[in-house]
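Peer 1: What follows is the file protein-v1.csv, containing CSV, C-alpha atoms:
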chain,number,residue,atom,x,y,z
A,1,MET,CA,-44.1,148.0,-146.7
A,2,LYS,CA,-43.1,148.2,-143.1
A,3,ASP,CA,-40.2,145.8,-143.6
A,4,ALA,CA,-38.9,147.9,-146.6
A,5,SER,CA,-39.1,151.1,-144.5
A,6,LYS,CA,-37.3,149.4,-141.6
A,7,GLY,CA,-34.5,148.2,-143.9
A,8,LYS,CA,-34.0,151.7,-145.3
A,9,LYS,CA,-33.9,153.2,-141.8
A,10,THR,CA,-31.3,150.6,-140.8
A,11,GLU,CA,-29.3,151.4,-144.0
A,12,LEU,CA,-29.5,155.2,-143.3
A,13,TYR,CA,-28.5,154.6,-139.7
A,14,GLY,CA,-25.4,152.6,-140.7
A,15,HIS,CA,-24.4,155.1,-143.4
A,16,LEU,CA,-24.5,158.1,-141.1
A,17,LYS,CA,-22.8,156.3,-138.2
A,18,THR,CA,-19.9,155.2,-140.4
A,19,ALA,CA,-19.7,158.6,-142.2
A,20,ILE,CA,-19.5,160.5,-138.9
A,21,MET,CA,-17.0,158.2,-137.2
A,22,THR,CA,-14.7,158.1,-140.2
A,23,LEU,CA,-14.9,161.9,-140.8
A,24,ALA,CA,-16.6,161.6,-144.2
A,25,LEU,CA,-19.1,163.9,-142.4
A,26,ARG,CA,-17.0,166.4,-140.4
A,27,PRO,CA,-17.9,167.6,-136.9
A,28,GLY,CA,-20.4,170.3,-136.9
A,29,ALA,CA,-21.5,169.7,-140.5
A,30,ASP,CA,-25.2,170.3,-141.3
A,31,LEU,CA,-27.1,167.3,-142.5
A,32,ASP,CA,-29.2,167.8,-145.7
A,33,GLU,CA,-32.4,166.1,-144.6
A,34,SER,CA,-34.0,166.5,-148.0
A,35,LYS,CA,-31.1,164.9,-149.8
A,36,LEU,CA,-31.0,162.0,-147.3
A,37,SER,CA,-34.7,161.5,-147.6
A,38,GLU,CA,-34.4,161.3,-151.4
A,39,GLU,CA,-31.3,159.1,-151.4
A,40,PHE,CA,-32.7,156.6,-149.0
A,41,GLU,CA,-36.3,156.8,-150.1
A,42,LEU,CA,-37.6,157.7,-146.7
A,43,SER,CA,-40.3,160.2,-145.8
A,44,ARG,CA,-39.7,162.8,-143.2
A,45,THR,CA,-41.1,160.8,-140.2
A,46,PRO,CA,-38.9,157.7,-140.5
A,47,LEU,CA,-35.9,160.0,-141.3
A,48,ARG,CA,-36.4,162.0,-138.2
A,49,GLU,CA,-36.7,158.7,-136.2
A,50,VAL,CA,-33.3,157.7,-137.3
A,51,LEU,CA,-31.9,161.2,-136.5
A,52,ARG,CA,-33.4,161.1,-133.0
A,53,GLN,CA,-31.8,157.7,-132.4
A,54,LEU,CA,-28.4,159.0,-133.6
A,55,ALA,CA,-28.9,162.1,-131.4
A,56,GLY,CA,-29.6,160.0,-128.4
A,57,GLU,CA,-26.4,158.1,-129.0
A,58,GLY,CA,-24.3,161.2,-129.5
A,59,TYR,CA,-23.7,161.2,-133.2
A,60,VAL,CA,-25.8,164.2,-134.1
A,61,ASP,CA,-27.3,167.3,-132.6
A,62,LEU,CA,-30.9,168.2,-133.3
A,63,ARG,CA,-31.6,171.9,-133.3
A,64,GLU,CA,-35.1,173.4,-133.2
A,65,ASN,CA,-36.0,175.0,-136.5
A,66,ARG,CA,-32.5,174.5,-137.8
A,67,GLY,CA,-32.2,170.8,-138.6
A,68,ALA,CA,-29.6,168.2,-137.6
A,69,ARG,CA,-25.9,168.5,-137.6
A,70,VAL,CA,-23.0,166.2,-136.8
A,71,SER,CA,-22.0,166.5,-133.2
A,72,GLU,CA,-19.3,169.1,-132.5
A,73,MET,CA,-15.8,168.4,-131.3
A,74,SER,CA,-14.8,171.5,-129.3
A,75,HIS,CA,-11.7,172.2,-127.2
A,76,MET,CA,-13.7,171.3,-124.2
A,77,THR,CA,-14.9,168.0,-125.5
A,78,LEU,CA,-11.4,167.1,-126.6
A,79,ARG,CA,-10.1,168.0,-123.1
A,80,ASP,CA,-12.8,165.9,-121.5
A,81,PHE,CA,-12.0,163.0,-123.8
A,82,PHE,CA,-8.3,162.9,-122.9
A,83,LEU,CA,-9.2,163.0,-119.2
A,84,ALA,CA,-11.9,160.4,-119.3
A,85,ALA,CA,-10.7,157.9,-121.9
A,86,PRO,CA,-8.1,155.9,-119.8
A,87,MET,CA,-10.4,155.7,-116.8
A,88,MET,CA,-13.4,154.5,-118.8
A,89,TYR,CA,-11.4,152.0,-120.9
A,90,GLY,CA,-10.0,150.6,-117.7
A,91,ALA,CA,-13.4,150.3,-116.0
A,92,VAL,CA,-15.0,148.7,-119.0
A,93,LEU,CA,-12.3,146.0,-119.5
A,94,GLN,CA,-12.2,145.3,-115.8
A,95,LEU,CA,-16.0,144.7,-115.8
A,96,ALA,CA,-15.8,142.8,-119.1
A,97,ALA,CA,-13.4,140.3,-117.6
A,98,LYS,CA,-15.8,139.7,-114.8
A,99,HIS,CA,-19.1,139.5,-116.8
A,100,ALA,CA,-18.3,138.2,-120.3
A,101,ASN,CA,-20.1,135.1,-121.5
A,102,GLU,CA,-18.9,132.6,-124.1
A,103,THR,CA,-21.0,134.1,-126.9
A,104,GLN,CA,-19.6,137.5,-126.3
A,105,ILE,CA,-16.0,136.2,-126.2
A,106,ALA,CA,-16.7,134.4,-129.5
A,107,ASP,CA,-18.0,137.7,-131.0
A,108,LEU,CA,-14.9,139.5,-129.7
A,109,LYS,CA,-12.6,137.0,-131.3
A,110,ALA,CA,-14.5,137.4,-134.6
A,111,ALA,CA,-14.2,141.2,-134.3
A,112,GLN,CA,-10.5,140.8,-133.8
A,113,MET,CA,-10.2,138.7,-137.0
A,114,THR,CA,-12.0,141.4,-138.9
A,115,PHE,CA,-9.6,144.0,-137.4
A,116,LYS,CA,-6.6,142.0,-138.5
A,117,ALA,CA,-8.0,141.7,-142.0
A,118,ALA,CA,-8.6,145.4,-142.1
A,119,LEU,CA,-4.9,146.0,-141.0
A,120,ARG,CA,-3.7,143.8,-143.9
A,121,ASN,CA,-6.0,145.1,-146.7
A,122,GLY,CA,-8.4,147.7,-145.5
A,123,SER,CA,-8.5,151.5,-145.6
A,124,GLY,CA,-8.1,153.8,-142.6
A,125,ALA,CA,-11.9,153.9,-142.3
A,126,ASP,CA,-12.1,150.1,-142.4
A,127,ARG,CA,-9.5,149.9,-139.6
A,128,ALA,CA,-11.2,152.5,-137.4
A,129,MET,CA,-14.6,150.9,-137.7
A,130,ALA,CA,-13.2,147.4,-137.0
A,131,ASN,CA,-11.4,148.7,-134.0
A,132,ASN,CA,-14.6,150.4,-132.9
A,133,ARG,CA,-16.6,147.2,-133.1
A,134,PHE,CA,-14.0,145.4,-131.0
A,135,HIS,CA,-14.4,147.9,-128.3
A,136,GLU,CA,-18.2,148.1,-128.6
A,137,ILE,CA,-18.3,144.4,-127.7
A,138,THR,CA,-16.2,145.0,-124.6
A,139,GLY,CA,-18.7,147.6,-123.6
A,140,GLU,CA,-21.5,145.1,-124.1
A,141,MET,CA,-19.5,142.6,-121.9
A,142,ALA,CA,-19.2,145.2,-119.1
A,143,ASP,CA,-23.0,145.2,-118.9
A,144,ASN,CA,-23.3,148.4,-116.8
A,145,ILE,CA,-26.2,150.7,-117.4
A,146,TYR,CA,-24.3,153.7,-116.1
A,147,LEU,CA,-21.1,153.2,-118.1
A,148,ALA,CA,-22.8,152.1,-121.3
A,149,PRO,CA,-24.0,155.5,-122.7
A,150,SER,CA,-20.8,157.3,-121.7
A,151,PHE,CA,-18.6,154.6,-123.2
A,152,GLN,CA,-20.6,154.7,-126.5
A,153,ARG,CA,-20.2,158.5,-126.6
A,154,LEU,CA,-16.4,158.1,-126.0
A,155,LEU,CA,-16.1,155.6,-128.8
A,156,ILE,CA,-17.6,158.0,-131.3
A,157,ASP,CA,-14.9,160.7,-130.6
A,158,HIS,CA,-12.1,158.1,-130.3
A,159,ALA,CA,-12.9,156.9,-133.8
A,160,ARG,CA,-13.0,160.4,-135.1
A,161,ILE,CA,-9.9,161.8,-133.6
A,162,GLY,CA,-8.1,158.4,-133.9
A,163,MET,CA,-8.3,158.4,-137.7
A,164,THR,CA,-4.6,159.5,-137.9
A,165,PHE,CA,-3.6,156.3,-136.0
A,166,TYR,CA,-5.2,154.1,-138.7
A,167,ARG,CA,-3.6,156.0,-141.6
A,168,PRO,CA,0.1,155.3,-140.7
A,169,GLN,CA,2.5,157.8,-142.2
A,170,ASP,CA,5.8,156.4,-141.0
A,171,GLN,CA,7.3,153.1,-139.9
A,172,GLN,CA,6.7,153.8,-136.2
A,173,MET,CA,3.0,154.3,-136.8
A,174,ALA,CA,2.8,151.1,-138.8
A,175,GLU,CA,4.6,149.2,-136.0
A,176,ASN,CA,2.1,150.7,-133.5
A,177,LEU,CA,-0.7,149.2,-135.5
A,178,GLY,CA,0.8,145.7,-135.1
A,179,GLU,CA,1.2,146.3,-131.4
A,180,ALA,CA,-2.4,147.4,-131.1
A,181,SER,CA,-3.5,144.1,-132.7
A,182,ALA,CA,-1.3,142.2,-130.3
A,183,GLN,CA,-2.8,144.1,-127.4
A,184,HIS,CA,-6.3,143.1,-128.6
A,185,ASP,CA,-5.2,139.5,-128.5
A,186,ALA,CA,-4.0,140.0,-124.9
A,187,ILE,CA,-7.2,141.7,-124.0
A,188,ILE,CA,-9.2,138.7,-125.3
A,189,ALA,CA,-7.0,136.3,-123.3
A,190,ALA,CA,-7.4,138.3,-120.1
A,191,ILE,CA,-11.2,138.5,-120.5
A,192,GLU,CA,-11.4,134.8,-121.3
A,193,ALA,CA,-9.4,134.0,-118.2
A,194,GLY,CA,-11.5,136.3,-116.0
A,195,ASP,CA,-8.4,138.3,-115.1
A,196,ASP,CA,-9.9,141.7,-114.4
A,197,ALA,CA,-6.6,143.2,-113.1
A,198,ALA,CA,-4.7,142.3,-116.3
A,199,ALA,CA,-7.6,143.5,-118.4
A,200,ALA,CA,-7.6,146.9,-116.7
A,201,GLN,CA,-3.8,147.3,-117.1
A,202,LEU,CA,-4.1,146.3,-120.8
A,203,ALA,CA,-6.6,149.1,-121.2
A,204,ILE,CA,-4.1,151.6,-120.0
A,205,ASP,CA,-1.3,150.2,-122.2
A,206,HIS,CA,-3.7,150.2,-125.2
A,207,TRP,CA,-4.6,153.8,-124.6
A,208,ASN,CA,-1.0,154.9,-124.1
A,209,LEU,CA,-0.1,153.3,-127.4
A,210,SER,CA,-2.5,155.5,-129.4
A,211,ARG,CA,-2.4,158.6,-127.3
A,212,ASP,CA,0.6,160.3,-128.9
A,213,ARG,CA,-0.7,159.7,-132.4
A,214,ILE,CA,-4.2,160.8,-131.5
A,215,GLU,CA,-2.7,164.1,-130.4
A,216,LEU,CA,-1.5,164.7,-133.9
A,217,PHE,CA,-5.1,165.2,-134.8
A,218,VAL,CA,-5.6,167.7,-132.0
A,219,MET,CA,-2.4,169.6,-132.4
A,220,PRO,CA,-1.4,170.4,-136.0
A,221,ASP,CA,2.2,170.5,-137.0
A,222,GLY,CA,3.9,173.7,-135.9
A,223,LEU,CA,1.5,174.4,-133.1
A,224,ASP,CA,3.5,174.2,-130.0
A,225,MET,CA,0.9,174.5,-127.2
A,226,PRO,CA,0.0,172.0,-124.5
A,227,LEU,CA,-3.6,170.8,-124.6
A,228,GLY,CA,-5.6,173.1,-122.4
A,229,ALA,CA,-3.5,176.2,-122.8
A,230,MET,CA,-4.9,179.2,-124.5
A,231,ALA,CA,-2.9,181.6,-126.7
A,232,ARG,CA,-2.6,185.1,-125.2
A,233,THR,CA,-4.6,187.6,-127.3
A,234,THR,CA,-3.5,190.8,-125.6
A,235,PRO,CA,-0.1,192.0,-124.4
A,236,ALA,CA,0.9,191.1,-120.8
Now, as a test, write the supplied structure out as C-alpha coordinates.

Peer 2:
Amino acid sequence: MKDASKGKKTELYGHLKTAIMTLALRPGADLDESKLSEEFELSRTPLREVLRQLAGEGYVDLRENRGARVSEMSHMTLRDFFLAAPMMYGAVLQLAAKHANETQIADLKAAQMTFKAALRNGSGADRAMANNRFHEITGEMADNIYLAPSFQRLLIDHARIGMTFYRPQDQQMAENLGEASAQHDAIIAAIEAGDDAAAAQLAIDHWNLSRDRIELFVMPDGLDMPLGAMARTTPA
(Lines of atoms letter the chains of each structure in order from A and count residues from 1; the text may use other names and numbers.)
(Lines give C-alpha, C1' and ligand atoms only; values in the text may rest on other atoms or scores of the structure.)
Protein backbone atom coordinates (compact mmCIF):
# COMPACT_ATOMS: atom_id res chain seq x y z
CA MET A 1 0.00 0.00 0.00
CA LYS A 2 2.81 2.36 0.89
CA ASP A 3 4.59 1.61 -2.39
CA ALA A 4 1.40 2.35 -4.35
CA SER A 5 0.94 5.67 -2.55
CA LYS A 6 4.59 6.58 -3.10
CA GLY A 7 4.26 5.82 -6.81
CA LYS A 8 1.17 8.00 -7.12
CA LYS A 9 2.88 10.84 -5.26
CA THR A 10 5.85 10.61 -7.63
CA GLU A 11 3.48 10.63 -10.59
CA LEU A 12 1.64 13.71 -9.28
CA TYR A 13 4.92 15.50 -8.56
CA GLY A 14 6.17 14.87 -12.09
CA HIS A 15 2.86 15.87 -13.63
CA LEU A 16 2.66 19.19 -11.80
CA LYS A 17 6.33 20.01 -12.33
CA THR A 18 6.08 19.49 -16.09
CA ALA A 19 2.73 21.27 -16.38
CA ILE A 20 4.05 24.32 -14.53
CA MET A 21 7.34 24.54 -16.42
CA THR A 22 5.70 24.17 -19.84
CA LEU A 23 2.85 26.61 -19.05
CA ALA A 24 0.12 23.98 -19.23
CA LEU A 25 -0.58 25.44 -15.80
CA ARG A 26 -0.20 29.21 -16.03
CA PRO A 27 1.57 31.37 -13.42
CA GLY A 28 -0.83 32.26 -10.62
CA ALA A 29 -3.36 29.55 -11.54
CA ASP A 30 -5.22 27.96 -8.62
CA LEU A 31 -4.73 24.22 -8.21
CA ASP A 32 -7.91 22.20 -7.78
CA GLU A 33 -6.83 19.92 -4.95
CA SER A 34 -10.06 17.91 -5.00
CA LYS A 35 -9.66 17.19 -8.70
CA LEU A 36 -5.98 16.26 -8.30
CA SER A 37 -6.82 14.01 -5.36
CA GLU A 38 -9.42 12.18 -7.43
CA GLU A 39 -7.32 11.98 -10.60
CA PHE A 40 -4.24 10.59 -8.85
CA GLU A 41 -6.17 8.58 -6.25
CA LEU A 42 -4.48 10.28 -3.32
CA SER A 43 -5.97 11.33 -0.02
CA ARG A 44 -5.48 14.85 1.26
CA THR A 45 -2.42 14.10 3.41
CA PRO A 46 -0.13 12.67 0.67
CA LEU A 47 -1.44 15.28 -1.77
CA ARG A 48 -0.43 18.07 0.58
CA GLU A 49 2.98 16.43 1.06
CA VAL A 50 3.58 16.72 -2.68
CA LEU A 51 2.38 20.32 -2.71
CA ARG A 52 4.66 21.21 0.21
CA GLN A 53 7.61 19.70 -1.66
CA LEU A 54 6.75 21.70 -4.77
CA ALA A 55 6.31 24.84 -2.69
CA GLY A 56 9.73 24.36 -1.11
CA GLU A 57 11.26 24.09 -4.59
CA GLY A 58 9.47 27.19 -5.90
CA TYR A 59 6.84 25.65 -8.19
CA VAL A 60 3.76 26.54 -6.14
CA ASP A 61 2.66 28.90 -3.38
CA LEU A 62 0.68 27.59 -0.40
CA ARG A 63 -1.81 30.08 1.02
CA GLU A 64 -3.49 29.63 4.35
CA ASN A 65 -7.19 28.84 3.95
CA ARG A 66 -6.98 29.48 0.19
CA GLY A 67 -5.23 26.43 -1.20
CA ALA A 68 -2.26 26.14 -3.53
CA ARG A 69 -1.54 28.05 -6.71
CA VAL A 70 1.20 28.05 -9.32
CA SER A 71 4.00 30.43 -8.38
CA GLU A 72 3.52 33.91 -9.82
CA MET A 73 5.70 35.63 -12.40
CA SER A 74 5.52 39.33 -11.61
CA HIS A 75 7.35 42.28 -13.13
CA MET A 76 9.77 42.10 -10.20
CA THR A 77 10.51 38.40 -10.58
CA LEU A 78 11.15 38.87 -14.30
CA ARG A 79 13.47 41.79 -13.58
CA ASP A 80 15.36 39.75 -10.99
CA PHE A 81 15.55 36.82 -13.40
CA PHE A 82 17.24 38.86 -16.12
CA LEU A 83 19.68 40.34 -13.61
CA ALA A 84 20.61 37.05 -11.94
CA ALA A 85 20.54 34.48 -14.76
CA PRO A 86 23.88 35.20 -16.47
CA MET A 87 25.74 35.39 -13.15
CA MET A 88 24.22 32.18 -11.81
CA TYR A 89 24.73 30.18 -14.99
CA GLY A 90 28.35 31.31 -15.07
CA ALA A 91 28.95 30.35 -11.44
CA VAL A 92 27.25 26.97 -11.83
CA LEU A 93 29.18 25.96 -14.95
CA GLN A 94 32.46 27.17 -13.48
CA LEU A 95 31.93 25.00 -10.40
CA ALA A 96 30.66 22.13 -12.53
CA ALA A 97 33.96 22.08 -14.44
CA LYS A 98 35.82 21.86 -11.13
CA HIS A 99 33.68 19.24 -9.38
CA ALA A 100 32.00 17.00 -11.96
CA ASN A 101 32.59 13.27 -11.68
CA GLU A 102 32.52 10.64 -14.42
CA THR A 103 28.99 9.46 -13.63
CA GLN A 104 27.63 13.01 -13.81
CA ILE A 105 29.41 13.65 -17.10
CA ALA A 106 27.87 10.47 -18.51
CA ASP A 107 24.46 11.66 -17.30
CA LEU A 108 25.03 15.04 -18.95
CA LYS A 109 25.92 13.39 -22.25
CA ALA A 110 22.76 11.26 -22.04
CA ALA A 111 20.70 14.38 -21.33
CA GLN A 112 22.23 16.03 -24.38
CA MET A 113 21.23 13.07 -26.54
CA THR A 114 17.66 13.43 -25.25
CA PHE A 115 17.78 17.15 -26.03
CA LYS A 116 18.95 16.51 -29.59
CA ALA A 117 16.18 13.94 -30.09
CA ALA A 118 13.63 16.48 -28.82
CA LEU A 119 14.96 19.07 -31.27
CA ARG A 120 14.44 16.63 -34.14
CA ASN A 121 11.05 15.23 -33.25
CA GLY A 122 9.75 16.69 -30.00
CA SER A 123 7.28 19.41 -29.09
CA GLY A 124 8.19 22.76 -27.57
CA ALA A 125 7.44 21.28 -24.16
CA ASP A 126 9.67 18.27 -24.85
CA ARG A 127 12.52 20.57 -25.82
CA ALA A 128 12.10 22.83 -22.80
CA MET A 129 12.07 19.90 -20.38
CA ALA A 130 15.07 18.23 -22.04
CA ASN A 131 17.00 21.48 -21.84
CA ASN A 132 15.96 21.86 -18.21
CA ARG A 133 17.29 18.41 -17.37
CA PHE A 134 20.61 19.23 -19.01
CA HIS A 135 21.00 22.29 -16.81
CA GLU A 136 19.72 20.51 -13.69
CA ILE A 137 22.63 18.11 -14.02
CA THR A 138 25.13 20.98 -14.25
CA GLY A 139 23.63 22.28 -11.01
CA GLU A 140 24.18 18.87 -9.41
CA MET A 141 27.76 18.95 -10.66
CA ALA A 142 28.36 22.37 -9.08
CA ASP A 143 27.59 20.78 -5.69
CA ASN A 144 27.12 24.02 -3.77
CA ILE A 145 24.53 24.16 -0.98
CA TYR A 146 24.11 27.91 -1.36
CA LEU A 147 23.72 27.98 -5.12
CA ALA A 148 21.54 24.88 -5.48
CA PRO A 149 18.14 26.20 -4.29
CA SER A 150 18.54 29.51 -6.11
CA PHE A 151 19.59 27.79 -9.31
CA GLN A 152 16.63 25.40 -9.12
CA ARG A 153 14.27 28.36 -8.75
CA LEU A 154 15.93 30.08 -11.70
CA LEU A 155 15.45 27.01 -13.89
CA ILE A 156 11.71 26.98 -13.22
CA ASP A 157 11.21 30.47 -14.58
CA HIS A 158 13.76 29.98 -17.38
CA ALA A 159 11.69 27.06 -18.64
CA ARG A 160 8.46 29.04 -18.36
CA ILE A 161 9.58 32.23 -20.04
CA GLY A 162 11.80 30.36 -22.48
CA MET A 163 8.95 28.42 -24.11
CA THR A 164 9.04 30.84 -27.07
CA PHE A 165 12.65 29.78 -27.74
CA TYR A 166 11.60 26.15 -28.11
CA ARG A 167 8.70 26.95 -30.46
CA PRO A 168 10.65 28.52 -33.34
CA GLN A 169 8.55 30.82 -35.49
CA ASP A 170 11.15 31.75 -38.09
CA GLN A 171 14.41 30.56 -39.65
CA GLN A 172 16.59 32.53 -37.24
CA MET A 173 14.92 30.94 -34.25
CA ALA A 174 15.38 27.49 -35.76
CA GLU A 175 19.08 28.22 -36.35
CA ASN A 176 19.41 29.39 -32.74
CA LEU A 177 18.18 26.01 -31.56
CA GLY A 178 20.96 24.33 -33.52
CA GLU A 179 23.47 26.73 -32.01
CA ALA A 180 22.11 26.02 -28.52
CA SER A 181 22.69 22.32 -29.08
CA ALA A 182 26.26 22.98 -30.29
CA GLN A 183 26.88 25.07 -27.18
CA HIS A 184 25.68 22.18 -25.01
CA ASP A 185 28.30 20.00 -26.68
CA ALA A 186 30.96 22.64 -25.99
CA ILE A 187 29.82 22.90 -22.36
CA ILE A 188 30.21 19.14 -21.95
CA ALA A 189 33.71 19.30 -23.45
CA ALA A 190 34.76 22.15 -21.15
CA ILE A 191 33.42 20.35 -18.07
CA GLU A 192 35.06 17.08 -19.08
CA ALA A 193 38.37 18.93 -19.55
CA GLY A 194 38.00 20.70 -16.20
CA ASP A 195 38.29 24.06 -17.98
CA ASP A 196 36.30 26.29 -15.61
CA ALA A 197 37.13 29.51 -17.49
CA ALA A 198 35.82 28.14 -20.77
CA ALA A 199 32.72 26.76 -19.04
CA ALA A 200 31.96 30.14 -17.47
CA GLN A 201 32.31 31.91 -20.83
CA LEU A 202 30.09 29.34 -22.53
CA ALA A 203 27.43 30.04 -19.90
CA ILE A 204 27.39 33.69 -20.93
CA ASP A 205 27.33 32.81 -24.64
CA HIS A 206 24.49 30.35 -24.04
CA TRP A 207 22.48 32.94 -22.12
CA ASN A 208 23.02 35.61 -24.76
CA LEU A 209 21.77 33.24 -27.49
CA SER A 210 18.36 32.85 -25.86
CA ARG A 211 17.98 36.27 -24.22
CA ASP A 212 16.45 38.14 -27.17
CA ARG A 213 13.93 35.39 -27.85
CA ILE A 214 13.05 35.08 -24.18
CA GLU A 215 12.26 38.80 -24.15
CA LEU A 216 9.51 38.09 -26.71
CA PHE A 217 7.68 36.35 -23.89
CA VAL A 218 8.12 39.35 -21.59
CA MET A 219 7.46 42.11 -24.14
CA PRO A 220 4.47 41.43 -26.43
CA ASP A 221 4.53 42.68 -30.02
CA GLY A 222 3.83 46.39 -30.24
CA LEU A 223 4.81 47.15 -26.66
CA ASP A 224 7.84 49.37 -27.00
CA MET A 225 9.01 49.74 -23.44
CA PRO A 226 12.37 48.74 -21.92
CA LEU A 227 12.18 46.13 -19.17
CA GLY A 228 11.96 47.98 -15.88
CA ALA A 229 10.19 51.07 -17.21
CA MET A 230 6.68 51.91 -16.13
CA ALA A 231 4.10 53.62 -18.29
CA ARG A 232 3.10 57.09 -17.12
CA THR A 233 -0.46 57.05 -15.83
CA THR A 234 -0.92 60.77 -15.21
CA PRO A 235 0.06 63.82 -17.31
CA ALA A 236 3.52 65.26 -16.69

Peer 1: Measuring atom to atom with all atoms listed in the file, identify which of A:Asp157, A:Gln94, A:Leu147, A:Gln152 is nearest to Ile191 of chain A.

Peer 2: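 Smallest distance to Ile191 of chain A is found for A:Gln94.
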
Peer 1: Smallest atom-to-atom distance to Phe134 of chain A: which of A:Glu179, A:Glu192, A:Asp185, A:Glu102, using all atoms listed in the file?

Peer 2: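 The closest residue to Phe134 of chain A is A:Asp185.
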
Peer 1: Quick check, in Å to one decimal: how far apart do atom CA of Ala193 of chain A and atom CA of Gly162 of chain A lie?

Peer 2: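 Interatomic distance here is 29.0 Å.
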
Peer 1: Pick from A:Lys109, A:His206, A:His75, A:Arg69: nearest to Ile137 of chain A, with only C-alpha atoms counted?

Peer 2: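 So, comparing all the options, the nearest one is A:Lys109.
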
Peer 1: What gap, in Å, lies between atom CA of Asp80 of chain A and atom CA of Glu64 of chain A?

Peer 2: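 Atom CA of Glu64 of chain A lies at a distance of 26.3 Å from atom CA of Asp80 of chain A.
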
Peer 1: Would you please work out which residue, of A:Asn131, A:Thr10, A:Thr138, A:Gln104, is nearest to Ala200 of chain A when using only C-alpha atoms?

Peer 2: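 Result for the nearest residue to Ala200 of chain A: A:Thr138.
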
Peer 1: Would you mind reading off the distance between atom CA of Ala189 of chain A and atom CA of Gly124 of chain A, one decimal, in Å?

Peer 2: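 Those two atoms sit 26.1 Å apart.
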
Peer 1: Residues within 8 Å of segment 18-22 of chain A, please, as number ranges by chain. Count all atoms listed in the file; anything in the same chain fewer than 5 positions from it doesn't count.

Peer 2: A: 27, 59, 70, 125, 128-129, 156-157, 159-160, 163
